[in-house]
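One structure below.
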Amino acid sequence: MGYKTVIGLEIHAELSTETKMFCSCTNAFGGEANTHCCPVCMGLPGALPVLNKKAVEYAIKAGIAFNTKINTKTRMDRKNYFYADLVKGYQISQDTIPLCGEGYTEIEIEEGTKRVNLQRIHIEEDTGKLTHTMDGDTLIDYNRAGVPLIEIVTKPDMNTPEEARLFLEKLRATLKYIEVSDVKMEEGSLRCDVNINVVDTETGLKTNITEIKNLNSFRGAVKAMEYEEKRHIDTLKQGQNTLKETRRWDEVKGETISMREKGDTADYRFAADGDLAAIEIPEEWVNEIRNSMPELPHHKKERFVKEYALSEYDAGVLTASKALAMFFEDTVKLLDDPKLVSNWVMGDVLRRLKDDDVEIEDTKLSPKDLSQLIALVKSEKINNNTGKKVLKEIFDTGKDPETIVKEKGLIQISDESQVREIVEKVLEDNKQSIEDYKSGKDRALGFLVGQVMKISRGKANPQLANKMILDIIKEKY
Ligand SMILES: [Zn+2]
């Protein structure tokens, strides 16, 4: 007996335009409550909206990046519903003719490349933000009201929470690459809703779709999907069906909780917004945008494989973030050894970024620093382990590697007579280890090298020490 999970996603991304969708108010996160507002975004009677051309341009860029058909004749519609965060009593959105129609993107799963199809990408305005206080009051901040959004709707093409995660990662990287959204989930500029249900592949029985609303981290989204997948399968196993409902993810409890049952689809009474003219987009403008598109993640990845002779995997990791890809290329420009630079970036640099949970652009490490550091190791002025310590120091202090090496006296000892002196002392003091080594215990050699490194405070050239230990044992013991 098998089950197939079916997942579709709806993602809202705030566009990083200077101003809001229909007025000249600042579009910026935060700010004192209700200070980025005017009669238009407050929905005062008589105030008229004017469509922000930049928002349309950004949405078209997204449409091109996801291979959608751009609808050059479209319009804005009013979506009517009543809620305190919606000043006008309607949201300006798009109904039957989205700016961008069907499209697709590809994700790399274990079995190979998988296409995820998009239903549409449309433009709309964001709503205000409600804060519920401990005293039971609700505070309203309209700074977010009228911020331009794109809503990206996929077809139900994903079959595991992991596939959904890969799609979300791809989407986030792409929007960042084309610079239309800052995609900060923690600030709400990227928000995700999930539609999920399960099919019994033998009987064809399906559960009713559950909608999980307002997921604000990828990790939360994946956990919520895993939880729901299991809940749906368990329900089918009991010969029952799930309710058609909207649920939310409770991070603390680690479970989804029912918010409301979905009756018939709400009647939003969609109608063309009479305050805004129909949108006609000249083909030349679309072509202009198409020609000015920056390199997308998958193109960059292919180029990295060809140009720098990196593996598919390495190129994929390096191009997953635009900032990291730029950092890598800038470092290679200064130190022409792509494989070595890739090893450093994929190893110690990425580990540090992960530990600190930051992007490379927010650290004190520059391409110049890293290229200098690698050059020091490559020319054997410092050994590999010292290099790792220096890297940590750069991250911590922002000093350049040569200064750190000089200040801390880390230059590697490659002078034979100096190393020999230390090696002889170590052998003198550790006769038992020499016996152990001679009787076939290879680990004893590692111990002896370790002692040399310890006495030289990490500065001895380890290859030289290793060779010298063997030579002197042969000579003397
Ligand atoms: Zn305004």
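Note on naming: chains are A, B, ... as they come in the structure tokens, residues start from 1 per chain, ligands start from 1 in the order shown.
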
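Within range 318-353 of chain A, DSSP run on the backbone puts these residues in alpha helix (DSSP H): Leu318, Thr319, Lys322, Ala323, Leu324, Ala325, Met326, Phe327, Phe328, Glu329, Asp330, Thr331, Val332, Lys333, Leu334, Pro338, Lys339, Leu340, Val341, Ser342, Asn343, Trp344, Leu350, Arg351, Arg352 and Leu353 of chain A.
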
Restricted to C-alpha atoms, what would the selected residues look like written as a compact mmCIF listing (two decimals), in the first residue's frame?
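Okay, this is what ended up in out-v3.txt:
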# COMPACT_ATOMS: atom_id res chain seq x y z
CA LEU A 318 28.85 28.28 -4.51
CA THR A 319 26.05 29.71 -6.64
CA LYS A 322 24.56 35.48 -5.20
CA ALA A 323 26.77 37.09 -2.55
CA LEU A 324 28.78 33.89 -2.09
CA ALA A 325 29.18 33.42 -5.85
CA MET A 326 30.46 36.99 -6.21
CA PHE A 327 32.82 36.50 -3.28
CA PHE A 328 34.22 33.35 -4.88
CA GLU A 329 34.74 35.00 -8.27
CA ASP A 330 36.33 38.11 -6.76
CA THR A 331 38.75 35.92 -4.80
CA VAL A 332 39.67 33.89 -7.90
CA LYS A 333 40.41 37.15 -9.73
CA LEU A 334 43.06 37.85 -7.10
CA PRO A 338 39.71 28.17 -8.50
CA LYS A 339 39.88 24.67 -7.03
CA LEU A 340 41.88 25.82 -4.00
CA VAL A 341 39.69 28.89 -3.46
CA SER A 342 36.62 26.66 -3.75
CA ASN A 343 38.03 24.29 -1.10
CA TRP A 344 38.55 27.14 1.35
CA LEU A 350 30.98 28.19 4.85
CA ARG A 351 31.23 26.48 8.23
CA ARG A 352 31.79 29.84 9.89
CA LEU A 353 28.88 31.43 7.97

Residues within 7 Å of ligand 1 (only C-alpha atoms and all ligand atoms), as a compact mmCIF listing (two decimals) with C-alpha atoms, in the first residue's frame?
# COMPACT_ATOMS: atom_id res chain seq x y z
CA LYS A 20 4.73 51.83 -2.26
CA CYS A 23 1.56 56.23 -3.64
CA SER A 24 4.92 57.89 -2.98
CA CYS A 25 5.21 56.71 0.64
CA HIS A 36 4.94 55.81 6.18
CA CYS A 37 1.35 56.63 5.34
CA CYS A 38 -0.67 59.05 3.23
CA PRO A 39 -4.32 59.46 2.19
CA VAL A 40 -3.85 56.91 -0.64
CA CYS A 41 -2.47 54.01 1.40
CA MET A 42 -4.80 54.93 4.28

Surrounding residues of Ala221 in chain A excluding itself and chain neighbours under 6 positions, 12 Å, only C-alpha atoms, as a PyMOL selection string: chain A and resi 7+9-11+160-169+185+191-196+211-215+227-228+248-251+254-256

Would you mind exporting the chosen residues as an mmCIF file, in the first residue's frame, restricted to C-alpha atoms?
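Generated file (result00.cif):
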data_model
loop_
_atom_site.group_PDB
_atom_site.id
_atom_site.type_symbol
_atom_site.label_atom_id
_atom_site.label_comp_id
_atom_site.auth_asym_id
_atom_site.auth_seq_id
_atom_site.Cartn_x
_atom_site.Cartn_y
_atom_site.Cartn_z
ATOM 1 C CA ILE A 7 1.981 19.841 -2.264
ATOM 2 C CA LEU A 9 2.724 26.524 -2.553
ATOM 3 C CA GLU A 10 1.631 30.150 -2.538
ATOM 4 C CA ILE A 11 4.408 32.590 -1.799
ATOM 5 C CA THR A 160 7.642 15.556 -0.561
ATOM 6 C CA PRO A 161 8.327 18.293 1.999
ATOM 7 C CA GLU A 162 11.968 18.119 0.837
ATOM 8 C CA GLU A 163 10.954 18.955 -2.750
ATOM 9 C CA ALA A 164 8.972 21.909 -1.425
ATOM 10 C CA ARG A 165 12.013 23.034 0.531
ATOM 11 C CA LEU A 166 14.217 22.809 -2.562
ATOM 12 C CA PHE A 167 11.675 24.848 -4.511
ATOM 13 C CA LEU A 168 11.536 27.509 -1.786
ATOM 14 C CA GLU A 169 15.342 27.701 -1.689
ATOM 15 C CA MET A 185 11.572 35.873 6.040
ATOM 16 C CA ARG A 191 5.838 34.481 3.386
ATOM 17 C CA CYS A 192 4.615 31.081 2.432
ATOM 18 C CA ASP A 193 1.289 29.202 2.464
ATOM 19 C CA VAL A 194 1.134 25.460 1.831
ATOM 20 C CA ASN A 195 -1.641 23.332 0.314
ATOM 21 C CA ILE A 196 -1.183 19.665 1.070
ATOM 22 C CA GLU A 211 -4.042 24.893 3.877
ATOM 23 C CA ILE A 212 -1.252 25.924 6.257
ATOM 24 C CA LYS A 213 -1.042 29.691 6.536
ATOM 25 C CA ASN A 214 1.684 32.239 7.181
ATOM 26 C CA LEU A 215 4.777 30.117 7.530
ATOM 27 C CA TYR A 227 3.484 16.791 10.357
ATOM 28 C CA GLU A 228 0.555 17.154 7.953
ATOM 29 C CA ARG A 248 -1.435 27.125 11.440
ATOM 30 C CA TRP A 249 1.940 25.789 12.566
ATOM 31 C CA ASP A 250 2.691 25.975 16.286
ATOM 32 C CA GLU A 251 6.467 26.006 16.532
ATOM 33 C CA GLY A 254 5.531 21.107 17.026
ATOM 34 C CA GLU A 255 2.071 20.566 15.547
ATOM 35 C CA THR A 256 -0.475 22.209 13.281
#

With a distance cut-off of 8 Å and only C-alpha atoms, select the neighbouring residues of range 272-283 of chain A, excluding the residue or stretch itself and same-chain residues fewer than 6 positions from it, and output the selection as a PDB file with C-alpha atoms, in the first residue's frame.
ATOM      1  CA  LEU A  48      -6.562  58.156  -6.001  1.00  0.00           C
ATOM      2  CA  PRO A  49      -3.967  55.422  -6.543  1.00  0.00           C
ATOM      3  CA  VAL A  50      -1.262  55.643  -9.220  1.00  0.00           C
ATOM      4  CA  LEU A  51       0.444  52.403 -10.253  1.00  0.00           C
ATOM      5  CA  THR A  72       0.841  42.493 -21.874  1.00  0.00           C
ATOM      6  CA  LYS A  73      -2.822  43.449 -21.465  1.00  0.00           C
ATOM      7  CA  THR A  74      -3.924  43.168 -17.884  1.00  0.00           C
ATOM      8  CA  ARG A  75      -5.598  45.127 -15.107  1.00  0.00           C
ATOM      9  CA  MET A  76      -5.894  45.571 -11.365  1.00  0.00           C
ATOM     10  CA  ASP A  77      -8.950  44.177  -9.578  1.00  0.00           C
ATOM     11  CA  ARG A  78     -10.554  44.854  -6.239  1.00  0.00           C
ATOM     12  CA  ILE A  92      -6.047  45.918  -4.969  1.00  0.00           C
TER      13      ILE A  92
END

For the atom pair CA of Lys4 in chain A and CA of Tyr313 in chain A, what is the interatomic distance in Å to one decimal place? 28.6 Å

Considering only C-alpha atoms, return as a PyMOL selection string whatever protein or nucleic-acid residues lie within 12 Å of Glu407 in chain A, sequence-local ones (same chain, fewer than 5 positions apart) excluded. chain A and resi 390+393+399-402

With N, CA and C atoms retained, write the just-selected residues as an mmCIF file, in the first residue's frame.
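Produced file selection_19.cif, reproduced below:
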data_model
loop_
_atom_site.group_PDB
_atom_site.id
_atom_site.type_symbol
_atom_site.label_atom_id
_atom_site.label_comp_id
_atom_site.auth_asym_id
_atom_site.auth_seq_id
_atom_site.Cartn_x
_atom_site.Cartn_y
_atom_site.Cartn_z
ATOM 1 N N VAL A 390 44.215 31.714 11.361
ATOM 2 C CA VAL A 390 44.255 33.095 10.858
ATOM 3 C C VAL A 390 42.895 33.485 10.291
ATOM 4 N N GLU A 393 40.666 34.479 12.970
ATOM 5 C CA GLU A 393 41.067 35.800 13.457
ATOM 6 C C GLU A 393 40.543 36.911 12.534
ATOM 7 N N LYS A 399 41.237 42.113 10.725
ATOM 8 C CA LYS A 399 42.621 42.444 10.350
ATOM 9 C C LYS A 399 43.011 41.643 9.124
ATOM 10 N N ASP A 400 43.993 42.147 8.343
ATOM 11 C CA ASP A 400 44.381 41.381 7.170
ATOM 12 C C ASP A 400 45.366 40.282 7.579
ATOM 13 N N PRO A 401 45.413 39.193 6.801
ATOM 14 C CA PRO A 401 46.174 38.011 7.232
ATOM 15 C C PRO A 401 47.652 38.284 7.459
ATOM 16 N N GLU A 402 48.266 39.117 6.622
ATOM 17 C CA GLU A 402 49.703 39.351 6.802
ATOM 18 C C GLU A 402 49.993 40.021 8.141
#

Contacts of Pro294 in chain A at 10 Å (only C-alpha atoms; same-chain gap of 4+ positions) as a ChimeraX atom specification: /A:61,65,177-179,289-290,299-300

Taking C-alpha atoms for each residue, export the selection above as a compact mmCIF listing (two decimals), in the first residue's frame.
# COMPACT_ATOMS: atom_id res chain seq x y z
CA LYS A 61 11.63 40.34 -14.03
CA ALA A 65 13.16 34.35 -14.31
CA TYR A 177 19.67 37.25 -7.75
CA ILE A 178 17.36 39.43 -9.83
CA GLU A 179 17.24 42.00 -6.99
CA ILE A 289 13.84 43.93 -19.26
CA ARG A 290 14.63 40.49 -20.67
CA HIS A 299 23.30 29.69 -15.59
CA LYS A 300 25.94 30.78 -13.13

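Non-sequential neighbours of Val198 in chain A (distance at most 8 Å, separation of 5 or more positions within a chain, only C-alpha atoms) are A:Tyr3, A:Lys4, A:Thr5, A:Val6, A:Lys206, A:Thr207, A:Glu229, A:His232, A:Ile233.
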
File of the preceding selection, N, CA and C atoms, as an mmCIF file, in the first residue's frame:
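In the end it all went to part_7.cif:
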data_model
loop_
_atom_site.group_PDB
_atom_site.id
_atom_site.type_symbol
_atom_site.label_atom_id
_atom_site.label_comp_id
_atom_site.auth_asym_id
_atom_site.auth_seq_id
_atom_site.Cartn_x
_atom_site.Cartn_y
_atom_site.Cartn_z
ATOM 1 N N TYR A 3 1.290 5.700 -0.541
ATOM 2 C CA TYR A 3 0.631 7.002 -0.483
ATOM 3 C C TYR A 3 1.455 8.026 -1.245
ATOM 4 N N LYS A 4 0.750 8.902 -1.937
ATOM 5 C CA LYS A 4 1.446 9.961 -2.653
ATOM 6 C C LYS A 4 1.044 11.294 -2.037
ATOM 7 N N THR A 5 2.039 12.082 -1.663
ATOM 8 C CA THR A 5 1.760 13.395 -1.080
ATOM 9 C C THR A 5 1.737 14.430 -2.201
ATOM 10 N N VAL A 6 0.804 15.343 -2.109
ATOM 11 C CA VAL A 6 0.675 16.379 -3.139
ATOM 12 C C VAL A 6 0.769 17.751 -2.463
ATOM 13 N N LYS A 206 -8.520 10.201 -1.863
ATOM 14 C CA LYS A 206 -7.724 11.391 -1.549
ATOM 15 C C LYS A 206 -8.225 12.015 -0.276
ATOM 16 N N THR A 207 -7.311 12.611 0.487
ATOM 17 C CA THR A 207 -7.753 13.414 1.629
ATOM 18 C C THR A 207 -8.105 14.806 1.121
ATOM 19 N N GLU A 229 1.677 15.599 6.467
ATOM 20 C CA GLU A 229 1.793 14.395 5.627
ATOM 21 C C GLU A 229 1.416 13.175 6.476
ATOM 22 N N HIS A 232 -2.321 13.166 7.504
ATOM 23 C CA HIS A 232 -3.211 12.774 6.411
ATOM 24 C C HIS A 232 -3.164 11.259 6.186
ATOM 25 N N ILE A 233 -1.951 10.691 6.207
ATOM 26 C CA ILE A 233 -1.820 9.246 5.979
ATOM 27 C C ILE A 233 -2.519 8.470 7.115
#

Run DSSP on the backbone and grab whatever in range 52-93 of chain A lands in strand (DSSP E or B); send it over as a list in words. Ile70, Lys73, Thr74, Asp77, Arg78, Lys79, Asn80, Tyr90, Gln91, Ile92 and Ser93 of chain A

Quick one: write out the picked residues with N, CA and C atoms as a PDB file, in the first residue's frame?
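For reference, result.pdb as written:
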ATOM      1  N   ILE A  70       4.263  36.556 -20.134  1.00  0.00           N
ATOM      2  CA  ILE A  70       3.886  37.885 -19.625  1.00  0.00           C
ATOM      3  C   ILE A  70       2.620  38.341 -20.352  1.00  0.00           C
ATOM      4  N   LYS A  73      -1.582  42.708 -21.738  1.00  0.00           N
ATOM      5  CA  LYS A  73      -2.822  43.449 -21.465  1.00  0.00           C
ATOM      6  C   LYS A  73      -3.433  42.880 -20.194  1.00  0.00           C
ATOM      7  N   THR A  74      -3.393  43.678 -19.152  1.00  0.00           N
ATOM      8  CA  THR A  74      -3.924  43.168 -17.884  1.00  0.00           C
ATOM      9  C   THR A  74      -4.569  44.318 -17.125  1.00  0.00           C
ATOM     10  N   ASP A  77      -7.584  44.449 -10.040  1.00  0.00           N
ATOM     11  CA  ASP A  77      -8.950  44.177  -9.578  1.00  0.00           C
ATOM     12  C   ASP A  77      -9.069  44.446  -8.085  1.00  0.00           C
ATOM     13  N   ARG A  78     -10.294  44.704  -7.675  1.00  0.00           N
ATOM     14  CA  ARG A  78     -10.554  44.854  -6.239  1.00  0.00           C
ATOM     15  C   ARG A  78     -11.006  43.512  -5.673  1.00  0.00           C
ATOM     16  N   LYS A  79     -10.342  43.129  -4.583  1.00  0.00           N
ATOM     17  CA  LYS A  79     -10.716  41.905  -3.882  1.00  0.00           C
ATOM     18  C   LYS A  79     -11.345  42.357  -2.568  1.00  0.00           C
ATOM     19  N   ASN A  80     -12.660  42.189  -2.462  1.00  0.00           N
ATOM     20  CA  ASN A  80     -13.374  42.735  -1.310  1.00  0.00           C
ATOM     21  C   ASN A  80     -13.425  41.759  -0.134  1.00  0.00           C
ATOM     22  N   TYR A  90     -11.164  46.713   0.672  1.00  0.00           N
ATOM     23  CA  TYR A  90     -10.791  45.845  -0.450  1.00  0.00           C
ATOM     24  C   TYR A  90      -9.289  45.948  -0.659  1.00  0.00           C
ATOM     25  N   GLN A  91      -8.729  44.887  -1.235  1.00  0.00           N
ATOM     26  CA  GLN A  91      -7.301  44.872  -1.548  1.00  0.00           C
ATOM     27  C   GLN A  91      -7.189  45.015  -3.062  1.00  0.00           C
ATOM     28  N   ILE A  92      -6.247  45.835  -3.524  1.00  0.00           N
ATOM     29  CA  ILE A  92      -6.047  45.918  -4.969  1.00  0.00           C
ATOM     30  C   ILE A  92      -5.122  44.778  -5.376  1.00  0.00           C
ATOM     31  N   SER A  93      -5.670  43.867  -6.192  1.00  0.00           N
ATOM     32  CA  SER A  93      -4.962  42.645  -6.550  1.00  0.00           C
ATOM     33  C   SER A  93      -5.232  42.341  -8.026  1.00  0.00           C
TER      34      SER A  93
END

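Picture a line from CA of Met259 in chain A to CA of Gly8 in chain A; it runs 19.3 Å.
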
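In terms of minimum interatomic distance to Leu236 in chain A, A:Gly204 ranks closest within A:Gly128, A:Gly204, A:Gly220, A:Gly31, counting only C-alpha atoms.
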
Smallest atom-to-atom distance to His122 in chain A: which of A:Lys88, A:His12, A:Asn159, A:Val199, using only C-alpha atoms? A:His12

Would you please work out which residue, of A:Leu448, A:Thr19, A:Thr96, A:Gln238, is nearest to Gly146 in chain A when using only C-alpha atoms? A:Thr19

Nearest residue to Gly63 in chain A from the set A:Phe29, A:Val183, A:Ile150, A:Glu416 (distances using only C-alpha atoms): A:Ile150
